Structures are given as C-alpha cells and as structure tokens.
Amino acid sequence: MRGHDVRFLLPKRALGELFPGIESTELSTPVSQICRQDEWTLPLTELLTLAAICKHVRPRKVFEIGTYTGSTTLMMAKNTPYETEIFTLDLDPSQRETHKHGLGIGGLPAFAVGSAYQGLPFTTKVHQLFGNSVTFDYSPFAASIDLVLIDADHTYDFVKVDTANAFKLLRPGGIIIWDDYVWDERYPECIGVTRILNELQQTRRCFQIAGTRLAIYLDSL
Ligand SMILES: C[S@@+](CC[C@H](N)C(=O)[O-])C[C@H]1O[C@@H](n2cnc3c(N)ncnc32)[C@H](O)[C@@H]1O
C-alpha cells in the first residue's frame with residue numbers, strides 16, 4: 001500500500017504457473033540491455049520476463065503501444081521467430097510538444113523513437129508506427145495480434161482506451177501485457193494502470209506476474 005488510495009487486487013501467478021514449461025526456456029539478450037540508466041524503459045527483470053514469454057509463446061504478430069527508445073521492441077524482436085511481425089506505436093515526435101497527455105501539455109523528454117533497435121539485422125521484422133494511441137486507426141490489425149504490450153501514457157483515461165483497443169486487436173488465445181501495474185512512488189500517474197486492471201479483473205481473468213510489476217491477460221485461461 002502507498003500514500004495513494006489504491007489496492008493491488010490482481011492475484012499473483014508465477015511465470016511457470018501461467019506458462020507451464022517456461023522455466024527451461026533460454027532467451028537471448030544483447031549486452032546493451034543489461035545496464036540501462038533510463039527509468040522509462042522496462043527494468044531488467046520485466047524485460048527478461050517479456051523476452052521469456054516471447055521465446056516460449058512464439059507470437060506471429062506483436063503490437064506494442066509505447067515504443068520509446070525501443071528496448072522492449074528490441075528484446076521482443078530478438079526472442080521471436082524470424083517470421084514474426086512486430087508493430088510498435090509511439091507519438092509522432094513532431095507532435096510531442098503540442099500533444100495533450102494525461103498530465104498536461106509538454107514536458108516530455110527528447111528521445112529518438114526506436115533508437116535501440118534501429119539498424120540491427122534481426123529487427124527487419126519491426127514496423128514503426130506513429131500516432132496517438134487513443135486516436136490511432138487499429139482496424140487493419142483487428143483480431144490478428146498474438147501479443148499486445150501496453151506501456152504508453154499511464155494515466156487512467158489513456159490506459160482505459162489502450163486496454164479497450166488491445167482487446168480488439170487480440171486474436172483468440174492471445175495475450176495482453178501491461179507494464180506498471182505496480183509502480184514507483186515517483187510516478188503516481190501509474191495508478192491509472194492499477195485502477196484499470198483492478199476494474200478489469202472483475203470481468204476478465206488478469207494476473208500480476210509474481211516478482212514483477214507486469215500484469216497479464218491470457219485469453220486461453
Ligand atoms: C514508458 S515509455 C515506453 C518504454 C518502452 N516500452 C521500453 O520499455 O523500452 C512510454 C512511451 O509511450 C509513448 N506515449 C505516451 N503517450 C502516448 C500516446 N498517447 N500514444 C502513443 N505513444 C504514447 C511515449 O512517447 C513513450 O515513448
């Protein structure tokens with residue numbers, strides 16, 4: 001419990017309970033991802049958990065909402081089959097200063113979208129998309145995605161729309177992962193993720209992945 005009115009209601013499940021057999025999975029990581037000094041990217045435990053899920057599940061199509069510098073994109077590209085396609089969406093950099101985000105306008109850091117994965121040979125499977133996740137036209141991808149990763153604007157209204165869109169993207173048997181179900185006090189806006197997941201678990205079986213701040217929905221469970 002923190003200084004905010006929030007409870008973490010999702011049941012916790014170990015990765016091995018969610019994905020029987022995953023413990024013996026071997027994953028691959030570029031050394032560049034081991035020591036990163038950037039608080040906007042997934043921490044190493046969550047990054048490796050995401051990579052393990054990708055390696056184990058072998059998704060054919062992935063949709064990521066929130067590329068940032070592309071650490072997660074890179075790890076998903078490295079740990080999925082050659083034929084996998086990864087679509088990753090971020091705000092158009094030219095809109096960054098005028099975009100009305102959940103905490104106001106402006107104040108977003110300067111960064112090069114996807115710089116972590118660009119130019120690496122195994123990332124030809126990555127398709128970089130630009131747009132605001134709440135107004136983006138997802139219809140070409142409807143009901144076709146095996147794995148959706150939600151890690152964009154963490155305020156309630158944005159997470160609500162991103163989550164609704166993720167369910168439209170999902171094919172039967174697919175998976176949705178949210179970062180920041182559990183979060184650091186320095187980023188209280190992430191309470192939006194917690195609240196959406198707490199609401200969602202009343203109608204959908206969602207879990208916190210034990211030992212991580214990730215939440216997950218598996219359509220097959
Ligand atoms: C926490 S970072 C993502 C980090 C990334 N998943 C990683 O770990 O490498 C959030 C990203 O979402 C993007 N973002 C925020 N609001 C967005 C929106 N409404 N539409 C699209 N992207 C958005 C930001 O520009 C930022 O790059």
# chains A, B, ... in the order shown; residues from 1 in each chain; ligands from 1
call {"tool": "residues_around", "arguments": {"residues": "A:Val134", "least_positions_apart": "3", "cutoff": "7 Å", "atoms": "only C-alpha atoms", "output": "PyMOL selection string"}}
result
chain A and resi 158+161-162
call {"tool": "select_by_dssp", "arguments": {"residues": "stretch 21-217 of chain A", "states": "helix (DSSP H, G or I)", "output": "PyMOL selection string"}}
result
chain A and resi 22-24+31-33+44-57+71-78+93-95+121-125+139-141+156-169+188-200
call {"tool": "residues_near_ligand", "arguments": {"ligand": "ligand 1", "cutoff": "6 Å", "atoms": "only C-alpha atoms and all ligand atoms", "output": "list in words"}}
result
Trp40, Thr41, Leu42, Gly66, Thr67, Tyr68, Thr69, Gly70, Ser71, Thr72, Leu89, Asp90, Leu91, Gly131, Asn132, Ser133, Val134, Asp151, Ala152 and Asp153 of chain A
call {"tool": "closest_atom_pairs", "arguments": {"of": "stretch 110-199 of chain A", "to": "stretch 27-38 of chain A", "cutoff": "12 Å", "atoms": "only C-alpha atoms", "output": "CSV"}}
result
residue,atom,partner,partner_atom,distance
A:Phe111,CA,A:Asp38,CA,11.1
A:Ala116,CA,A:Ser32,CA,8.7
A:Tyr117,CA,A:Pro30,CA,10.4
A:Leu120,CA,A:Pro30,CA,10.6
A:Phe122,CA,A:Pro30,CA,11.5
call {"tool": "closest_residue", "arguments": {"among": "A:Ser144, A:Ser94, A:Asn165, A:Thr123", "to": "A:Tyr82", "atoms": "only C-alpha atoms"}}
result
A:Thr123
call {"tool": "select_by_dssp", "arguments": {"residues": "stretch 4-217 of chain A", "states": "strand (DSSP E)", "output": "VMD selection string"}}
result
chain A and resid 12 to 13 61 to 65 85 to 90 100 to 101 104 to 105 126 to 130 145 to 150 170 to 178 206 to 209 215 to 217
call {"tool": "closest_residue", "arguments": {"among": "A:Asn198, A:Thr203, A:Ser24, A:Thr212", "to": "A:Arg7", "atoms": "only C-alpha atoms"}}
result
A:Asn198
call {"tool": "closest_residue", "arguments": {"among": "A:Lys100, A:Leu200, A:Thr135, A:Phe8", "to": "A:Asp180", "atoms": "only C-alpha atoms"}}
result
A:Phe8
call {"tool": "closest_residue", "arguments": {"among": "A:Tyr217, A:Trp178, A:Phe167, A:Phe207", "to": "A:Cys190", "atoms": "only C-alpha atoms"}}
result
A:Trp178
call {"tool": "atom_distance", "arguments": {"atom1": "atom CA of A:Leu214", "atom2": "atom CA of A:Gln201"}}
result
14.3 Å
call {"tool": "residues_around", "arguments": {"residues": "A:Glu83", "least_positions_apart": "6", "cutoff": "12 Å", "atoms": "only C-alpha atoms", "output": "list in words"}}
result
Arg58, Pro59, Arg60, Lys61, Val62, Ala77, Phe122, Thr123, Thr124, Lys125 and Val126 of chain A
call {"tool": "closest_residue", "arguments": {"among": "A:Lys160, A:Arg204, A:Arg213, A:Arg171", "to": "A:Asp184", "atoms": "only C-alpha atoms"}}
result
A:Arg213
call {"tool": "atom_distance", "arguments": {"atom1": "atom CA of A:Gly102", "atom2": "atom CA of A:Glu189"}}
result
8.3 Å
call {"tool": "atom_distance", "arguments": {"atom1": "atom CA of A:Lys12", "atom2": "atom CA of A:Pro81"}}
result
28.7 Å
call {"tool": "closest_residue", "arguments": {"among": "A:His154, A:Phe87, A:Ile209, A:Glu26", "to": "A:Pro140", "atoms": "only C-alpha atoms"}}
result
A:Phe87
call {"tool": "residues_around", "arguments": {"residues": "A:Ile175", "least_positions_apart": "5", "cutoff": "10 Å", "atoms": "only C-alpha atoms", "output": "PyMOL selection string"}}
result
chain A and resi 53+57+59+62+145-149+166-167+170+216-220
call {"tool": "write_last_selection", "arguments": {"atoms": "N, CA and C atoms", "output": "PDB file, in the first residue's frame"}}
result
ATOM      1  N   ILE A  53       8.553 -14.785 -22.271  1.00  0.00           N
ATOM      2  CA  ILE A  53       7.202 -15.058 -22.780  1.00  0.00           C
ATOM      3  C   ILE A  53       7.241 -15.127 -24.309  1.00  0.00           C
ATOM      4  N   VAL A  57       6.139 -18.436 -26.202  1.00  0.00           N
ATOM      5  CA  VAL A  57       4.837 -18.397 -26.894  1.00  0.00           C
ATOM      6  C   VAL A  57       4.991 -18.351 -28.420  1.00  0.00           C
ATOM      7  N   PRO A  59       4.953 -15.703 -30.633  1.00  0.00           N
ATOM      8  CA  PRO A  59       3.858 -14.967 -31.295  1.00  0.00           C
ATOM      9  C   PRO A  59       4.189 -14.661 -32.743  1.00  0.00           C
ATOM     10  N   VAL A  62       2.931  -9.155 -33.051  1.00  0.00           N
ATOM     11  CA  VAL A  62       3.005  -8.437 -31.784  1.00  0.00           C
ATOM     12  C   VAL A  62       2.621  -6.989 -32.050  1.00  0.00           C
ATOM     13  N   ILE A 145      -3.720 -10.088 -33.542  1.00  0.00           N
ATOM     14  CA  ILE A 145      -2.466  -9.953 -32.790  1.00  0.00           C
ATOM     15  C   ILE A 145      -2.365 -11.028 -31.692  1.00  0.00           C
ATOM     16  N   ASP A 146      -1.195 -11.646 -31.596  1.00  0.00           N
ATOM     17  CA  ASP A 146      -0.972 -12.693 -30.588  1.00  0.00           C
ATOM     18  C   ASP A 146      -0.547 -12.117 -29.240  1.00  0.00           C
ATOM     19  N   LEU A 147       0.181 -10.998 -29.281  1.00  0.00           N
ATOM     20  CA  LEU A 147       0.689 -10.414 -28.044  1.00  0.00           C
ATOM     21  C   LEU A 147       0.631  -8.894 -28.153  1.00  0.00           C
ATOM     22  N   VAL A 148      -0.062  -8.257 -27.196  1.00  0.00           N
ATOM     23  CA  VAL A 148      -0.108  -6.789 -27.130  1.00  0.00           C
ATOM     24  C   VAL A 148       0.630  -6.357 -25.863  1.00  0.00           C
ATOM     25  N   LEU A 149       1.535  -5.388 -26.002  1.00  0.00           N
ATOM     26  CA  LEU A 149       2.214  -4.797 -24.849  1.00  0.00           C
ATOM     27  C   LEU A 149       1.744  -3.361 -24.709  1.00  0.00           C
ATOM     28  N   ALA A 166      -6.621  -2.898 -27.109  1.00  0.00           N
ATOM     29  CA  ALA A 166      -5.853  -4.149 -27.063  1.00  0.00           C
ATOM     30  C   ALA A 166      -6.775  -5.356 -27.204  1.00  0.00           C
ATOM     31  N   PHE A 167      -7.929  -5.304 -26.553  1.00  0.00           N
ATOM     32  CA  PHE A 167      -8.863  -6.434 -26.670  1.00  0.00           C
ATOM     33  C   PHE A 167      -9.396  -6.560 -28.096  1.00  0.00           C
ATOM     34  N   LEU A 170      -6.678  -8.314 -30.215  1.00  0.00           N
ATOM     35  CA  LEU A 170      -6.299  -9.677 -29.846  1.00  0.00           C
ATOM     36  C   LEU A 170      -7.009 -10.738 -30.675  1.00  0.00           C
ATOM     37  N   ILE A 216      -0.940  -9.321 -16.658  1.00  0.00           N
ATOM     38  CA  ILE A 216      -1.118 -10.103 -17.881  1.00  0.00           C
ATOM     39  C   ILE A 216      -2.542 -10.630 -17.987  1.00  0.00           C
ATOM     40  N   TYR A 217      -3.028 -10.680 -19.215  1.00  0.00           N
ATOM     41  CA  TYR A 217      -4.302 -11.349 -19.526  1.00  0.00           C
ATOM     42  C   TYR A 217      -3.991 -12.413 -20.575  1.00  0.00           C
ATOM     43  N   LEU A 218      -4.427 -13.630 -20.316  1.00  0.00           N
ATOM     44  CA  LEU A 218      -4.250 -14.715 -21.293  1.00  0.00           C
ATOM     45  C   LEU A 218      -5.628 -15.173 -21.719  1.00  0.00           C
ATOM     46  N   ASP A 219      -5.926 -14.999 -22.976  1.00  0.00           N
ATOM     47  CA  ASP A 219      -7.254 -15.359 -23.464  1.00  0.00           C
ATOM     48  C   ASP A 219      -7.517 -16.851 -23.333  1.00  0.00           C
ATOM     49  N   SER A 220      -6.439 -17.649 -23.247  1.00  0.00           N
ATOM     50  CA  SER A 220      -6.609 -19.098 -23.201  1.00  0.00           C
ATOM     51  C   SER A 220      -6.962 -19.591 -21.795  1.00  0.00           C
TER      52      SER A 220
END
